[in-house]
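Dropping work-v4.cif in here (mmCIF, C-alpha atoms):
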```
data_query
#
loop_
_atom_site.label_atom_id
_atom_site.label_comp_id
_atom_site.auth_asym_id
_atom_site.auth_seq_id
_atom_site.Cartn_x
_atom_site.Cartn_y
_atom_site.Cartn_z
CA MET A 1 5.74 16.91 -28.18
CA GLN A 2 7.52 13.71 -27.35
CA LEU A 3 6.42 11.91 -24.26
CA LEU A 4 7.76 9.19 -22.10
CA ALA A 5 6.18 5.89 -22.91
CA LEU A 6 3.23 4.68 -20.93
CA GLN A 7 5.33 1.74 -19.85
CA HIS A 8 7.57 3.89 -17.68
CA TYR A 9 4.67 5.00 -15.53
CA LEU A 10 3.21 1.50 -15.46
CA ALA A 11 6.55 0.16 -14.23
CA ILE A 12 6.69 2.68 -11.41
CA GLY A 13 3.11 1.84 -10.45
CA ALA A 14 3.87 -1.88 -10.43
CA ILE A 15 6.99 -1.39 -8.31
CA LEU A 16 5.14 0.70 -5.73
CA PHE A 17 2.29 -1.81 -5.59
CA VAL A 18 4.63 -4.75 -5.05
CA ILE A 19 6.62 -2.94 -2.36
CA GLY A 20 3.38 -2.17 -0.57
CA LEU A 21 2.35 -5.82 -0.88
CA ILE A 22 5.62 -7.06 0.62
CA GLY A 23 5.24 -4.63 3.49
CA PHE A 24 1.66 -5.72 4.02
CA ILE A 25 2.75 -9.33 4.38
CA THR A 26 5.86 -8.85 6.46
CA ARG A 27 5.19 -6.03 8.88
CA ARG A 28 3.54 -6.90 12.17
CA ASN A 29 2.66 -3.44 13.42
CA MET A 30 -0.99 -2.84 12.56
CA ILE A 31 -0.45 0.83 11.75
CA VAL A 32 2.35 0.02 9.33
CA ILE A 33 0.17 -2.63 7.72
CA PHE A 34 -2.45 0.00 6.92
CA LEU A 35 0.30 2.33 5.75
CA CYS A 36 1.32 -0.35 3.27
CA THR A 37 -2.22 -0.52 1.90
CA GLU A 38 -1.94 3.21 1.23
CA LEU A 39 1.31 2.46 -0.59
CA MET A 40 -0.53 -0.03 -2.78
CA PHE A 41 -3.13 2.67 -3.45
CA GLN A 42 -0.33 4.89 -4.72
CA GLY A 43 0.71 2.30 -7.28
CA VAL A 44 -2.86 1.85 -8.48
CA ILE A 45 -3.38 5.61 -8.70
CA ILE A 46 -0.27 6.04 -10.83
CA ASN A 47 -1.57 3.39 -13.20
CA LEU A 48 -4.97 5.05 -13.45
CA VAL A 49 -3.61 8.52 -14.10
CA ALA A 50 -1.13 7.20 -16.66
CA PHE A 51 -3.84 5.42 -18.60
CA SER A 52 -6.09 8.45 -18.31
CA ARG A 53 -3.31 10.58 -19.73
CA TYR A 54 -2.34 8.29 -22.54
CA THR A 55 -5.86 7.54 -23.71
CA ASN A 56 -6.98 11.13 -23.20
CA ASN A 57 -9.91 9.93 -21.15
CA LEU A 58 -10.92 11.69 -17.97
CA ALA A 59 -12.55 8.67 -16.36
CA GLY A 60 -9.25 7.59 -14.86
CA GLN A 61 -8.68 10.87 -13.06
CA ALA A 62 -12.27 10.96 -11.81
CA PHE A 63 -11.78 7.44 -10.51
CA VAL A 64 -8.68 8.58 -8.67
CA ILE A 65 -10.80 11.14 -6.84
CA PHE A 66 -13.15 8.38 -5.72
CA ILE A 67 -10.17 6.30 -4.66
CA LEU A 68 -9.03 9.21 -2.50
CA VAL A 69 -12.48 9.31 -0.89
CA ILE A 70 -12.40 5.60 -0.16
CA ALA A 71 -8.84 5.83 1.13
CA ALA A 72 -9.74 8.63 3.51
CA SER A 73 -12.76 6.82 4.92
CA GLU A 74 -10.83 3.55 5.10
CA ALA A 75 -8.01 5.25 6.97
CA SER A 76 -10.34 6.80 9.52
CA LEU A 77 -12.22 3.55 10.14
CA ALA A 78 -9.08 1.44 10.24
CA LEU A 79 -7.29 3.76 12.62
CA GLY A 80 -10.34 3.83 14.90
CA LEU A 81 -10.25 0.04 14.92
CA VAL A 82 -6.52 0.06 15.60
CA ILE A 83 -7.02 2.34 18.60
CA LEU A 84 -9.78 0.05 19.87
CA LEU A 85 -7.60 -3.03 19.47
CA PHE A 86 -4.65 -1.29 21.09
CA ARG A 87 -6.72 -0.34 24.12
CA THR A 88 -7.95 -3.90 24.45
CA LYS A 89 -4.63 -5.75 24.41
CA ASN A 90 -2.17 -2.89 24.87
CA THR A 91 -0.07 -3.90 21.91
CA LEU A 92 0.03 -3.07 18.22
CA ASP A 93 1.20 -6.52 17.22
CA ALA A 94 -1.14 -8.06 14.68
CA ASP A 95 -0.11 -11.51 15.93
CA ALA A 96 -1.78 -10.75 19.25
CA TRP A 97 -5.08 -11.28 17.45
CA ARG A 98 -4.10 -14.64 16.06
CA GLU A 99 -7.28 -16.25 17.36
CA LEU A 100 -9.28 -14.28 14.80
CA LYS A 101 -7.91 -16.65 12.17
CA TRP A 102 -10.14 -19.47 13.25
CA MET B 1 28.32 -4.87 -18.78
CA LEU B 2 27.63 -1.95 -21.04
CA GLY B 3 27.84 -4.16 -24.06
CA PHE B 4 25.31 -6.39 -22.40
CA LEU B 5 23.08 -3.38 -21.89
CA SER B 6 23.41 -2.30 -25.46
CA THR B 7 21.59 -5.46 -26.52
CA LEU B 8 18.60 -4.15 -24.64
CA GLN B 9 17.87 -1.37 -27.04
CA PRO B 10 14.24 -0.82 -27.82
CA ALA B 11 13.41 -3.39 -30.38
CA ASP B 12 11.00 -1.20 -32.21
CA ALA B 13 11.67 2.38 -31.32
CA GLY B 14 9.55 3.67 -34.13
CA THR B 15 6.34 2.40 -32.61
CA GLY B 16 7.16 3.58 -29.13
CA LEU B 17 7.01 0.03 -27.83
CA TYR B 18 9.91 -0.94 -25.65
CA LEU B 19 10.93 -4.47 -25.00
CA ILE B 20 13.10 -5.84 -22.24
CA ALA B 21 14.21 -9.42 -22.31
CA PRO B 22 12.57 -11.69 -19.72
CA THR B 23 15.90 -12.93 -18.40
CA VAL B 24 16.92 -9.38 -17.52
CA ILE B 25 13.65 -8.84 -15.70
CA LEU B 26 14.17 -12.13 -13.88
CA ILE B 27 17.73 -11.25 -12.80
CA LEU B 28 16.69 -7.82 -11.63
CA CYS B 29 13.75 -9.19 -9.69
CA VAL B 30 15.89 -11.82 -7.96
CA ALA B 31 18.42 -9.16 -6.97
CA GLY B 32 15.66 -6.89 -5.74
CA GLY B 33 14.03 -9.71 -3.79
CA VAL B 34 17.26 -10.67 -2.05
CA GLY B 35 17.96 -7.03 -1.27
CA THR B 36 14.51 -6.47 0.18
CA PHE B 37 14.80 -9.66 2.20
CA LEU B 38 18.04 -8.44 3.70
CA LEU B 39 16.64 -4.98 4.34
CA LEU B 40 13.47 -6.02 6.14
CA PRO B 41 13.63 -5.60 9.91
CA GLY B 42 15.02 -8.62 11.64
CA ARG B 43 17.82 -9.54 13.95
CA LYS B 44 19.95 -11.61 11.61
CA GLN B 45 19.72 -9.47 8.50
CA SER B 46 22.48 -7.38 7.05
CA PRO B 47 20.91 -4.15 5.82
CA ARG B 48 23.98 -2.70 4.15
CA LEU B 49 24.32 -5.56 1.69
CA GLY B 50 20.60 -5.45 0.99
CA ALA B 51 20.66 -1.73 0.34
CA LEU B 52 23.63 -2.18 -1.98
CA LEU B 53 21.83 -4.92 -3.92
CA LEU B 54 18.66 -2.86 -4.21
CA ILE B 55 20.54 0.22 -5.35
CA ILE B 56 22.41 -1.75 -7.99
CA ALA B 57 19.23 -3.43 -9.26
CA GLY B 58 17.38 -0.13 -9.32
CA LEU B 59 20.21 1.61 -11.14
CA ILE B 60 20.40 -1.09 -13.78
CA PHE B 61 16.64 -1.04 -14.27
CA GLY B 62 16.65 2.74 -14.48
CA LEU B 63 19.50 2.63 -16.97
CA ILE B 64 17.62 0.16 -19.16
CA LEU B 65 14.54 2.36 -19.04
CA PHE B 66 16.65 5.42 -19.69
CA ARG B 67 18.20 3.93 -22.79
CA THR B 68 14.75 3.63 -24.29
CA VAL B 69 14.24 7.38 -24.22
CA VAL B 70 17.76 8.44 -25.07
CA GLY B 71 17.18 7.74 -28.73
CA GLN B 72 14.15 9.98 -28.90
CA ALA B 73 14.42 13.51 -30.10
CA SER B 74 13.34 15.29 -26.94
CA SER B 75 11.48 14.30 -23.87
CA ASP B 76 9.19 16.98 -22.52
CA THR B 77 9.63 15.91 -18.93
CA GLY B 78 13.38 16.26 -18.77
CA PRO B 79 15.07 14.63 -15.82
CA TYR B 80 12.08 15.11 -13.54
CA PHE B 81 10.51 11.75 -14.22
CA TRP B 82 13.66 9.93 -13.15
CA ILE B 83 14.12 12.05 -10.04
CA PHE B 84 10.52 11.71 -8.92
CA SER B 85 10.32 7.98 -9.53
CA ALA B 86 13.62 7.36 -7.75
CA ILE B 87 12.39 9.33 -4.74
CA ALA B 88 9.07 7.46 -4.79
CA VAL B 89 10.66 4.02 -4.92
CA VAL B 90 13.31 4.76 -2.29
CA GLY B 91 10.66 6.26 0.00
CA ALA B 92 8.43 3.23 -0.48
CA ILE B 93 11.26 0.84 0.36
CA ARG B 94 12.06 2.84 3.47
CA VAL B 95 8.38 2.73 4.48
CA ILE B 96 8.42 -1.05 4.65
CA THR B 97 11.96 -1.45 5.98
CA HIS B 98 12.16 1.19 8.70
CA SER B 99 11.48 -0.27 12.09
CA ARG B 100 10.06 2.88 13.64
CA PRO B 101 6.46 3.54 12.55
CA VAL B 102 6.84 7.33 12.75
CA TYR B 103 9.65 7.26 10.24
CA SER B 104 7.62 4.92 8.04
CA ALA B 105 4.83 7.49 7.98
CA LEU B 106 7.25 10.30 7.18
CA TYR B 107 8.84 8.35 4.34
CA PHE B 108 5.35 7.69 3.05
CA VAL B 109 4.83 11.46 2.92
CA LEU B 110 7.96 11.59 0.76
CA THR B 111 6.49 8.97 -1.56
CA VAL B 112 3.23 10.92 -1.78
CA PHE B 113 5.05 14.11 -2.75
CA ALA B 114 7.07 12.30 -5.41
CA THR B 115 3.89 10.73 -6.78
CA ALA B 116 2.27 14.16 -6.92
CA GLY B 117 5.28 15.31 -8.92
CA LEU B 118 4.74 12.44 -11.35
CA PHE B 119 1.11 13.50 -11.72
CA ILE B 120 2.13 17.03 -12.56
CA LEU B 121 4.33 15.58 -15.29
CA MET B 122 1.21 13.89 -16.63
CA TYR B 123 -0.75 17.17 -16.61
CA ALA B 124 -3.00 15.91 -13.82
CA GLU B 125 -2.35 18.83 -11.53
CA PHE B 126 -5.72 18.65 -9.81
CA ILE B 127 -5.03 15.07 -8.80
CA ALA B 128 -1.58 16.10 -7.62
CA ALA B 129 -3.01 18.88 -5.45
CA ALA B 130 -5.71 16.61 -4.08
CA LEU B 131 -3.12 13.95 -3.33
CA VAL B 132 -0.93 16.36 -1.37
CA LEU B 133 -3.90 17.83 0.47
CA ILE B 134 -5.67 14.60 1.33
CA TYR B 135 -2.83 12.12 1.69
CA ALA B 136 0.02 14.20 3.03
CA GLY B 137 -2.22 16.69 4.79
CA ALA B 138 -5.04 14.65 6.27
CA ILE B 139 -4.48 10.91 6.19
CA LEU B 140 -0.83 10.91 7.17
CA ILE B 141 -1.45 13.37 10.00
CA THR B 142 -4.07 10.96 11.30
CA TYR B 143 -1.56 8.13 11.04
CA VAL B 144 1.08 10.07 12.94
CA PHE B 145 -1.43 10.94 15.66
CA VAL B 146 -2.45 7.31 16.05
CA ILE B 147 1.19 6.21 16.16
CA MET B 148 1.81 8.71 18.94
CA LEU B 149 -1.34 7.64 20.81
CA ALA B 150 -0.34 4.02 20.68
CA ALA B 151 3.33 4.54 21.40
CA SER B 152 4.93 2.41 24.03
CA ALA B 153 6.89 3.98 26.82
CA GLN B 154 10.21 5.19 25.50
CA THR B 155 13.22 4.46 27.59
CA VAL B 156 14.89 7.79 28.10
CA GLY B 157 18.59 8.00 27.42
CA ASP B 158 18.93 4.74 25.60
CA ARG B 159 20.61 5.59 22.30
CA SER B 160 20.72 2.16 20.76
CA PRO B 161 18.91 1.92 17.41
CA LEU B 162 16.27 -0.47 18.67
CA ALA B 163 15.54 1.34 21.92
CA GLY B 164 11.92 1.53 22.92
CA LEU B 165 10.71 -0.59 20.06
CA ALA B 166 8.15 -3.31 20.50
CA GLU B 167 8.90 -6.85 19.44
CA CYS B 168 6.48 -6.56 16.53
CA ASP B 169 8.53 -3.72 15.03
CA ILE B 170 11.90 -5.40 15.38
CA GLN B 171 11.17 -8.80 13.90
CA SER B 172 9.27 -9.02 10.64
CA ARG B 173 7.05 -11.93 9.74
CA GLU B 174 8.07 -14.32 6.97
CA PRO B 175 10.39 -11.94 5.13
CA PHE B 176 11.73 -14.59 2.79
CA THR B 177 8.35 -15.85 1.63
CA ALA B 178 7.03 -12.33 1.25
CA ALA B 179 10.03 -11.21 -0.78
CA CYS B 180 9.72 -14.27 -3.03
CA VAL B 181 5.99 -13.78 -3.61
CA GLY B 182 6.25 -10.04 -4.05
CA PHE B 183 9.11 -10.05 -6.49
CA ALA B 184 7.61 -12.94 -8.43
CA LEU B 185 4.54 -10.75 -8.84
CA MET B 186 6.73 -7.83 -9.82
CA GLY B 187 8.52 -9.96 -12.38
CA VAL B 188 5.24 -11.04 -13.94
CA LEU B 189 3.94 -7.47 -14.01
CA LEU B 190 7.10 -6.11 -15.60
CA PHE B 191 7.09 -8.99 -18.05
CA VAL B 192 3.55 -8.10 -19.07
CA ILE B 193 4.42 -4.44 -19.30
CA PHE B 194 7.68 -4.75 -21.19
CA ASP B 195 7.67 -8.00 -23.07
CA LYS B 196 4.10 -8.86 -23.90
CA ALA B 197 2.99 -5.32 -24.45
CA GLU B 198 1.65 -5.34 -27.97
CA ARG B 199 -1.64 -3.95 -26.84
CA LEU B 200 0.05 -1.15 -24.95
CA ALA B 201 1.51 0.09 -28.19
CA GLN B 202 -1.76 1.50 -29.41
CA PHE B 203 -1.69 3.98 -26.56
CA ASN B 204 1.77 5.07 -27.52
CA PHE B 205 0.91 5.44 -31.16
CA THR B 206 -1.31 8.38 -30.47
CA PRO B 207 0.26 10.88 -28.15
CA PRO B 208 -2.38 12.21 -25.79
CA ALA B 209 -4.31 15.17 -27.00
CA ALA B 210 -2.15 15.51 -30.04
CA GLY B 211 -3.87 18.62 -31.18
CA LEU B 212 -3.49 20.45 -27.90
CA SER B 213 -0.49 22.41 -26.75
CA ALA B 214 0.88 22.04 -23.27
CA ASP B 215 -0.72 25.30 -22.15
CA GLU B 216 -4.16 24.17 -23.20
CA LEU B 217 -3.64 20.86 -21.42
CA VAL B 218 -2.55 22.51 -18.22
CA HIS B 219 -5.27 25.10 -18.13
CA GLY B 220 -8.05 22.81 -19.21
CA SER B 221 -7.43 19.83 -16.99
CA THR B 222 -9.08 20.86 -13.74
CA GLN B 223 -12.04 22.41 -15.48
CA SER B 224 -12.63 19.36 -17.60
CA ILE B 225 -12.39 17.05 -14.59
CA GLY B 226 -15.04 19.12 -12.85
CA GLN B 227 -17.28 19.02 -15.89
CA TYR B 228 -16.75 15.30 -16.26
CA LEU B 229 -17.53 14.68 -12.59
CA PHE B 230 -20.69 16.70 -12.53
CA GLN B 231 -21.98 15.59 -15.89
CA ASN B 232 -21.16 11.90 -15.97
CA GLN B 233 -20.53 10.87 -12.37
CA MET B 234 -23.13 12.84 -10.45
CA VAL B 235 -24.59 9.90 -8.50
CA ASN B 236 -21.14 8.60 -7.65
CA PHE B 237 -20.13 12.02 -6.44
CA GLU B 238 -23.10 12.17 -4.05
CA LEU B 239 -22.39 8.61 -2.92
CA ALA B 240 -18.81 9.61 -2.13
CA GLY B 241 -20.09 12.32 0.18
CA LEU B 242 -22.41 9.82 1.83
CA ILE B 243 -19.56 7.35 2.32
CA LEU B 244 -17.43 10.04 3.93
CA THR B 245 -20.22 10.96 6.37
CA VAL B 246 -20.94 7.35 7.26
CA SER B 247 -17.28 6.55 7.81
CA MET B 248 -16.85 9.62 10.00
CA VAL B 249 -19.75 8.54 12.21
CA GLY B 250 -18.45 4.98 12.23
CA ALA B 251 -14.95 6.03 13.21
CA ILE B 252 -16.29 8.09 16.12
CA VAL B 253 -18.48 5.22 17.30
CA ILE B 254 -15.67 2.67 17.04
CA ALA B 255 -13.01 4.77 18.71
CA ARG B 256 -15.24 5.89 21.58
CA ARG B 257 -16.38 2.41 22.52
CA LYS B 258 -15.62 1.50 26.08
CA VAL B 259 -13.17 -1.34 26.32
CA ALA B 260 -13.83 -3.83 29.08
CA ASP B 261 -10.90 -5.01 31.09
CA ILE B 262 -9.81 -8.23 29.50
CA ASN B 263 -9.19 -9.90 32.86
CA GLN B 264 -12.77 -9.52 33.98
CA ARG B 265 -14.53 -10.19 30.74
CA PHE B 266 -14.69 -13.96 30.90
CA GLU B 267 -15.59 -14.40 34.53
CA PRO B 268 -18.58 -16.70 34.74
CA SER B 269 -21.74 -15.15 35.99
CA ILE B 270 -23.96 -16.63 38.66
CA GLU B 271 -26.30 -18.21 36.16
CA THR B 272 -23.56 -20.19 34.54
CA ILE B 273 -23.98 -23.90 35.01
CA SER B 274 -20.74 -25.37 36.14
CA ALA B 275 -20.05 -28.96 35.35
CA ASN B 276 -19.25 -30.19 38.78
CA ALA B 277 -22.38 -29.11 40.58
CA THR B 278 -24.73 -31.06 38.39
CA PRO B 279 -25.42 -34.57 39.50
CA VAL B 280 -25.73 -37.10 36.78
CA ASN B 281 -29.03 -38.79 36.50
CA ASP B 282 -30.69 -40.63 33.72
CA ASP B 283 -34.09 -39.06 33.68
CA PRO B 284 -35.12 -39.45 30.04
CA ARG B 285 -37.37 -36.38 30.08
CA SER B 286 -34.69 -33.93 31.04
CA ILE B 287 -32.88 -31.94 28.39
CA PRO B 288 -29.17 -32.49 27.84
CA VAL B 289 -26.90 -29.54 28.25
CA TYR B 290 -24.77 -28.63 25.29
CA GLY B 291 -21.33 -27.22 25.57
CA THR B 292 -20.12 -29.12 28.57
CA THR B 293 -17.66 -31.95 28.73
CA ASN B 294 -20.00 -34.10 30.74
CA PRO B 295 -22.02 -36.11 28.26
CA LYS B 296 -24.65 -37.16 30.72
CA GLN B 297 -25.29 -33.76 32.21
CA LYS B 298 -28.87 -32.60 32.26
CA SER B 299 -30.12 -29.07 32.48
CA PHE B 300 -32.83 -29.65 35.09
CA PRO B 301 -31.56 -32.38 37.33
CA GLN B 302 -34.20 -34.01 39.42
CA THR B 303 -32.43 -33.76 42.73
#
```
Kindly present the structure from the file in structure tokens form.
Amino acid sequence: MQLLALQHYLAIGAILFVIGLIGFITRRNMIVIFLCTELMFQGVIINLVAFSRYTNNLAGQAFVIFILVIAASEASLALGLVILLFRTKNTLDADAWRELKW
Amino acid sequence: MLGFLSTLQPADAGTGLYLIAPTVILILCVAGGVGTFLLLPGRKQSPRLGALLLIIAGLIFGLILFRTVVGQASSDTGPYFWIFSAIAVVGAIRVITHSRPVYSALYFVLTVFATAGLFILMYAEFIAAALVLIYAGAILITYVFVIMLAASAQTVGDRSPLAGLAECDIQSREPFTAACVGFALMGVLLFVIFDKAERLAQFNFTPPAAGLSADELVHGSTQSIGQYLFQNQMVNFELAGLILTVSMVGAIVIARRKVADINQRFEPSIETISANATPVNDDPRSIPVYGTTNPKQKSFPQT
């Protein structure tokens, strides 16, 4: 049984992670920013499952399940915060909260 | 061009370790960075050229990767790996370049499905099912609901591509810097994966579960994950449930909080000491007031 090399999956994971990172930096809509963090999660998950597959170790897949748990709770909390911020300033622009930088 | 590509053959195909020259990675990353910069939402960008650049860079990269498996006897995944990864990458790029958040969320669903397909290729079908259920079924639905809740008023009848979009969706922030940083990181990652990957070779030496057939792998995966979770990760499993409960309560508390009107929030109350009403005296026993611009102001003026 011949398999694709581990490097193929690692490359796809790296590409997804970097695309998510670029989106996280550039986009100004708060919802899209959190969407980009989910994109980075996808890259990390692909890496974990690939290593779990190629080392025949189930810890990677179990860790992916915990990542899904954290992603779900993070999404619910973050979207609640986004709704709160949107009701306060009536915009989704992250730059509207520029004063939080200081 | 093809002769150039033929120099990129796997240097050591027998070990399963594939090498790509750093200059090729650098060229591809520069092309990808320029393409992403042109594709990101902005008024002065030219998306067609950016898409063309990205497609060319992706095709060349895919071709290089593909040449590494062509020499092998048979690949058990067939064309599915290439299809799924192309869909995942294109969907991801559309997530960050589409200016409408609803379409970004929908393209993210596409990426999630393609990733689930990649997991099935890796015999992780429980993870694939969980990914589709949780990500595409639960999280993304929440995202779409929030996008609809927070949508600005759409101008009816306006068919221009930017109609009804807020300023923050039209103009991206620092696209050039972000593309530089991101694709520099991608170049370093790919360099580590493909050029300095001696340690990765030991994973490729031993094909996973060499003694098992594909049927055993497929049928045993979910069961063994369950056994692993409940034997080795019991405390973490309970903690995950606790985290979910806490975050649910927290989300309800946060989203139900009453938002004060921002115009009335900073009105001074009656007790506020205003600077003008306080006469300046120099009674040494009185306490100075902090936070005012009047340096001689006292809190209890002896009037």
Could you write out as an NGL selection string the residues of chain B within 6 Å of chain A, counting all atoms listed in the file? :B and (75 or 96 or 168 or 172-175 or 178 or 182 or 203 or 208 or 244 or 247 or 251 or 254-255)
Starting from the shown file, work through the PyMOL selection byres ((chain B and resi 112) around 10) and note down what comes out as a ChimeraX atom specification. /A:38-39,42 /B:87-88,91-92,106-111,113-118,128,131-132,135-136,140
Given the choices B:Ala166, B:Met248, B:Ile25, B:Ala138, which gets closest to Ala151 in chain B if the distance is worked out from all atoms listed in the file?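 The shortest atom-to-atom distance to Ala151 in chain B comes from B:Ala166.
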Hey, could you pull the box centre and edge lengths for range 54-72 of chain A, axis-aligned, 4 Å padding per side, all listed atoms, to one decimal in Å, as AutoDock Vina command-line options?
```
--center_x -7.7 --center_y 8.6 --center_z -10.1 --size_x 18.8 --size_y 14.1 --size_z 35.2
```
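Between CA of Phe81 in chain B and CA of Ile193 in chain B the interatomic distance comes to 18.0 Å.
Taking CA of Gly62 in chain B and CA of Arg94 in chain B as the two end points, the separation is 18.5 Å.
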